[in-house]
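Just data_17.txt here, compact mmCIF, C-alpha atoms:
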# COMPACT_ATOMS: atom_id res chain seq x y z
CA MET A 21 -77.65 -120.17 37.87
CA LYS A 22 -79.04 -122.99 35.78
CA SER A 23 -82.29 -121.16 34.93
CA SER A 24 -80.45 -117.96 33.99
CA GLY A 25 -78.29 -119.94 31.54
CA ILE A 26 -81.37 -121.49 29.94
CA PHE A 27 -82.98 -118.05 29.76
CA ALA A 28 -79.87 -116.61 28.07
CA ILE A 29 -79.86 -119.42 25.50
CA ALA A 30 -83.59 -118.95 24.83
CA VAL A 31 -83.13 -115.20 24.31
CA PHE A 32 -80.14 -115.84 22.02
CA LEU A 33 -82.12 -118.35 19.93
CA LEU A 34 -85.16 -116.08 19.76
CA PHE A 35 -82.99 -113.16 18.63
CA THR A 36 -81.11 -115.29 16.08
CA PHE A 37 -84.24 -116.75 14.50
CA SER A 38 -86.05 -113.41 14.42
CA ILE A 39 -83.22 -111.90 12.39
CA GLN A 40 -83.02 -114.72 9.83
CA GLY A 41 -86.55 -116.06 9.87
CA GLN A 42 -89.36 -115.13 7.57
CA THR A 43 -92.36 -113.12 8.59
CA PRO A 44 -95.98 -114.14 8.01
CA LYS A 45 -95.99 -111.45 5.29
CA ASP A 46 -93.08 -113.21 3.55
CA SER A 47 -94.98 -116.51 3.62
CA LEU A 48 -98.05 -114.88 2.08
CA GLU A 49 -95.99 -113.15 -0.61
CA ILE A 50 -94.13 -116.37 -1.47
CA LYS A 51 -97.42 -118.24 -1.77
CA GLN A 52 -98.78 -115.46 -4.00
CA VAL A 53 -95.80 -115.79 -6.35
CA ALA A 54 -96.61 -119.49 -6.81
CA LEU A 55 -100.30 -118.73 -7.31
CA ASP A 56 -99.55 -115.95 -9.81
CA TYR A 57 -97.40 -118.41 -11.75
CA ILE A 58 -100.22 -120.94 -12.22
CA GLU A 59 -103.23 -118.60 -12.18
CA SER A 60 -101.72 -116.51 -14.97
CA GLN A 61 -102.33 -119.53 -17.20
CA HIS A 62 -105.78 -120.25 -15.77
CA ASN A 63 -106.89 -116.62 -16.17
CA VAL A 64 -105.03 -115.77 -19.40
CA LYS A 65 -103.22 -112.91 -17.66
CA PRO A 66 -99.60 -112.57 -18.75
CA GLU A 67 -99.19 -109.55 -16.47
CA GLN A 68 -99.87 -111.85 -13.53
CA PHE A 69 -96.94 -114.04 -14.58
CA GLU A 70 -94.70 -111.00 -15.12
CA ARG A 71 -95.51 -109.85 -11.59
CA ALA A 72 -94.33 -113.19 -10.20
CA ALA A 73 -91.23 -113.98 -12.24
CA HIS A 74 -87.78 -112.52 -12.40
CA PRO A 75 -86.87 -111.57 -16.01
CA ARG A 76 -84.17 -114.29 -15.97
CA MET A 77 -86.38 -117.08 -14.65
CA VAL A 78 -85.71 -120.55 -16.06
CA LYS A 79 -88.21 -123.42 -16.10
CA ARG A 80 -86.91 -126.94 -16.75
CA THR A 81 -88.19 -130.46 -17.18
CA PHE A 82 -86.98 -133.71 -18.62
CA TRP A 83 -88.35 -134.64 -22.02
CA THR A 84 -88.11 -137.68 -24.28
CA ASP A 85 -87.13 -137.45 -27.92
CA LYS A 86 -89.82 -139.51 -29.68
CA LYS A 87 -87.47 -140.77 -32.42
CA THR A 88 -84.50 -141.82 -30.30
CA GLY A 89 -86.21 -142.45 -26.95
CA LYS A 90 -83.45 -140.47 -25.22
CA GLU A 91 -84.29 -138.12 -22.40
CA TYR A 92 -82.95 -134.60 -22.30
CA LEU A 93 -83.37 -131.41 -20.32
CA ARG A 94 -85.86 -128.97 -21.79
CA GLU A 95 -85.81 -125.28 -20.82
CA THR A 96 -88.28 -122.43 -21.01
CA PHE A 97 -87.62 -118.82 -20.10
CA THR A 98 -89.64 -115.86 -18.83
CA ASP A 99 -90.54 -114.51 -22.28
CA ALA A 100 -91.97 -117.85 -23.41
CA MET A 101 -93.93 -118.22 -20.16
CA ILE A 102 -95.46 -114.77 -20.64
CA LEU A 103 -96.57 -115.84 -24.12
CA LEU A 104 -97.91 -119.11 -22.70
CA ALA A 105 -99.95 -117.21 -20.11
CA GLU A 106 -101.34 -115.06 -22.91
CA THR A 107 -102.32 -117.92 -25.22
CA TYR A 108 -102.52 -121.34 -23.54
CA ASN A 109 -106.03 -121.17 -22.08
CA GLN A 110 -107.69 -118.66 -24.44
CA ASP A 111 -110.50 -121.12 -25.18
CA GLY A 112 -111.00 -121.80 -21.47
CA HIS A 113 -110.69 -125.58 -21.86
CA GLN A 114 -107.13 -126.33 -20.69
CA PHE A 115 -108.03 -126.61 -17.00
CA PRO A 116 -110.92 -128.01 -14.97
CA GLU A 117 -113.60 -125.61 -13.75
CA ASN A 118 -111.95 -125.62 -10.31
CA PRO A 119 -108.26 -126.27 -11.01
CA LYS A 120 -106.05 -127.76 -8.32
CA LYS A 121 -103.40 -125.39 -6.99
CA GLU A 122 -101.90 -126.52 -3.73
CA VAL A 123 -98.89 -124.47 -2.60
CA ILE A 124 -96.54 -126.02 -0.05
CA ILE A 125 -93.69 -123.90 1.26
CA LEU A 126 -90.89 -126.40 1.80
CA ASP A 127 -88.34 -124.00 3.24
CA ILE A 128 -87.64 -120.31 3.72
CA TYR A 129 -84.30 -118.93 4.78
CA ASP A 130 -83.73 -115.21 4.83
CA LYS A 131 -84.17 -114.23 1.15
CA THR A 132 -84.65 -117.65 -0.47
CA ALA A 133 -87.56 -120.06 -0.51
CA SER A 134 -88.31 -123.51 -1.92
CA VAL A 135 -91.91 -124.21 -2.85
CA LYS A 136 -93.86 -127.16 -4.21
CA LEU A 137 -96.91 -126.47 -6.36
CA ILE A 138 -99.28 -129.36 -6.95
CA ALA A 139 -101.48 -128.62 -9.95
CA ASP A 140 -103.89 -130.81 -11.89
CA ASP A 141 -101.53 -132.79 -14.11
CA TRP A 142 -98.12 -131.78 -12.86
CA ILE A 143 -95.85 -130.87 -9.97
CA ASP A 144 -93.63 -127.77 -9.94
CA TYR A 145 -90.69 -127.27 -7.59
CA MET A 146 -89.82 -123.59 -7.36
CA HIS A 147 -87.03 -121.41 -6.06
CA ILE A 148 -88.15 -117.94 -5.11
CA VAL A 149 -85.79 -115.13 -4.10
CA LYS A 150 -86.36 -111.79 -2.39
CA LEU A 151 -84.63 -109.03 -4.36
CA ASN A 152 -85.03 -105.37 -3.42
CA GLY A 153 -87.89 -106.25 -1.10
CA LYS A 154 -89.86 -108.29 -3.67
CA TRP A 155 -90.22 -112.08 -3.85
CA GLN A 156 -89.68 -113.35 -7.42
CA LEU A 157 -89.66 -116.74 -9.09
CA VAL A 158 -86.21 -117.65 -10.46
CA ASN A 159 -86.23 -121.44 -11.00
CA VAL A 160 -88.88 -124.03 -11.75
CA LEU A 161 -88.35 -127.77 -12.12
CA TRP A 162 -91.52 -129.57 -13.14
CA GLN A 163 -92.88 -132.87 -14.35
CA PHE A 164 -96.19 -134.40 -15.28
CA ASN A 165 -97.74 -136.63 -12.61
CA ASP A 166 -97.41 -139.38 -15.21
CA SER A 167 -93.78 -139.15 -16.33
CA GLY A 168 -94.72 -141.14 -19.44
CA ASN A 169 -96.29 -137.95 -20.78
CA HIS A 170 -92.85 -136.40 -21.19

Would you mind giving the structure from this file in structure tokens?
Amino acid sequence: MKSSGIFAIAVFLLFTFSIQGQTPKDSLEIKQVALDYIESQHNVKPEQFERAAHPRMVKRTFWTDKKTGKEYLRETFTDAMILLAETYNQDGHQFPENPKKEVIILDIYDKTASVKLIADDWIDYMHIVKLNGKWQLVNVLWQFNDSGNH
């Protein structure tokens, strides 16, 4: 009786987590979204950023007004990030020869994921959502490793 109860619980848990858990394919696609985000700037490929981001993506950081010394929230949107990917590294000197791009999936639940990207000079925390079968970047909160650079 005791072993059949444990078996029933194990089957229930396995069934529950298989319905709501991510697949290895999801993990790979989520990681690719984060890589497309950063590599679009490395490679000067705005189409790579467009592939990764939802059209209503918002990127935020804190910034310091140089005159007043007050911090405020600074926002960037998809259209500006596409332009950045197109122009930022045109001379090929904005990043090291082998740029750092460590992607850590912090959590995945059903159709949402939280990701940490560790790049050369900054950290990005990302929210990625699965809409119509496609993982897309919707939120980014970032800062320089040295917050004094803000």

Task: Local residues around (-102.1, -124.2, -12.2), at most 9 Å away, using only C-alpha atoms, as a PyMOL selection string - done: chain A and resi 55-62+115+119-122+137-142

TODO: Would you mind telling me which residue in A:Asp85, A:Glu70, A:Asp127, A:Glu117 lies nearest to Ala100 in chain A when using all atoms listed in the file?
DONE: A:Glu70

Open item on the list: Which residues are close to Trp83 in chain A, i.e. within 9 Å by only C-alpha atoms, leaving aside same-chain residues fewer than 6 positions away? Reply as a PyMOL selection string.
Closed with: chain A and resi 90-94+169-170

Task: Atomic distance CA of Leu157 in chain A - CA of Ala73 in chain A, expressed in Å with one decimal - done: 4.5 Å

Task: A:Glu106, A:Lys65, A:Ile128, A:Asp111 ranked by distance to Thr43 in chain A, top pick (using all atoms listed in the file) - done: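 Comparing A:Glu106, A:Lys65, A:Ile128, A:Asp111 against Thr43 in chain A, the winner is A:Ile128.
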
Task: Atomic distance CA of Phe97 in chain A - CA of Asn159 in chain A, expressed in Å with one decimal - done: 9.6 Å

- [ ] Determine the nearest neighbour of Ile50 in chain A from the options A:Val160, A:Asp130, A:Ile125, A:Gln114, counting all atoms listed in the file.
- [x]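 Nearest candidate to Ile50 in chain A out of A:Val160, A:Asp130, A:Ile125, A:Gln114: A:Ile125.
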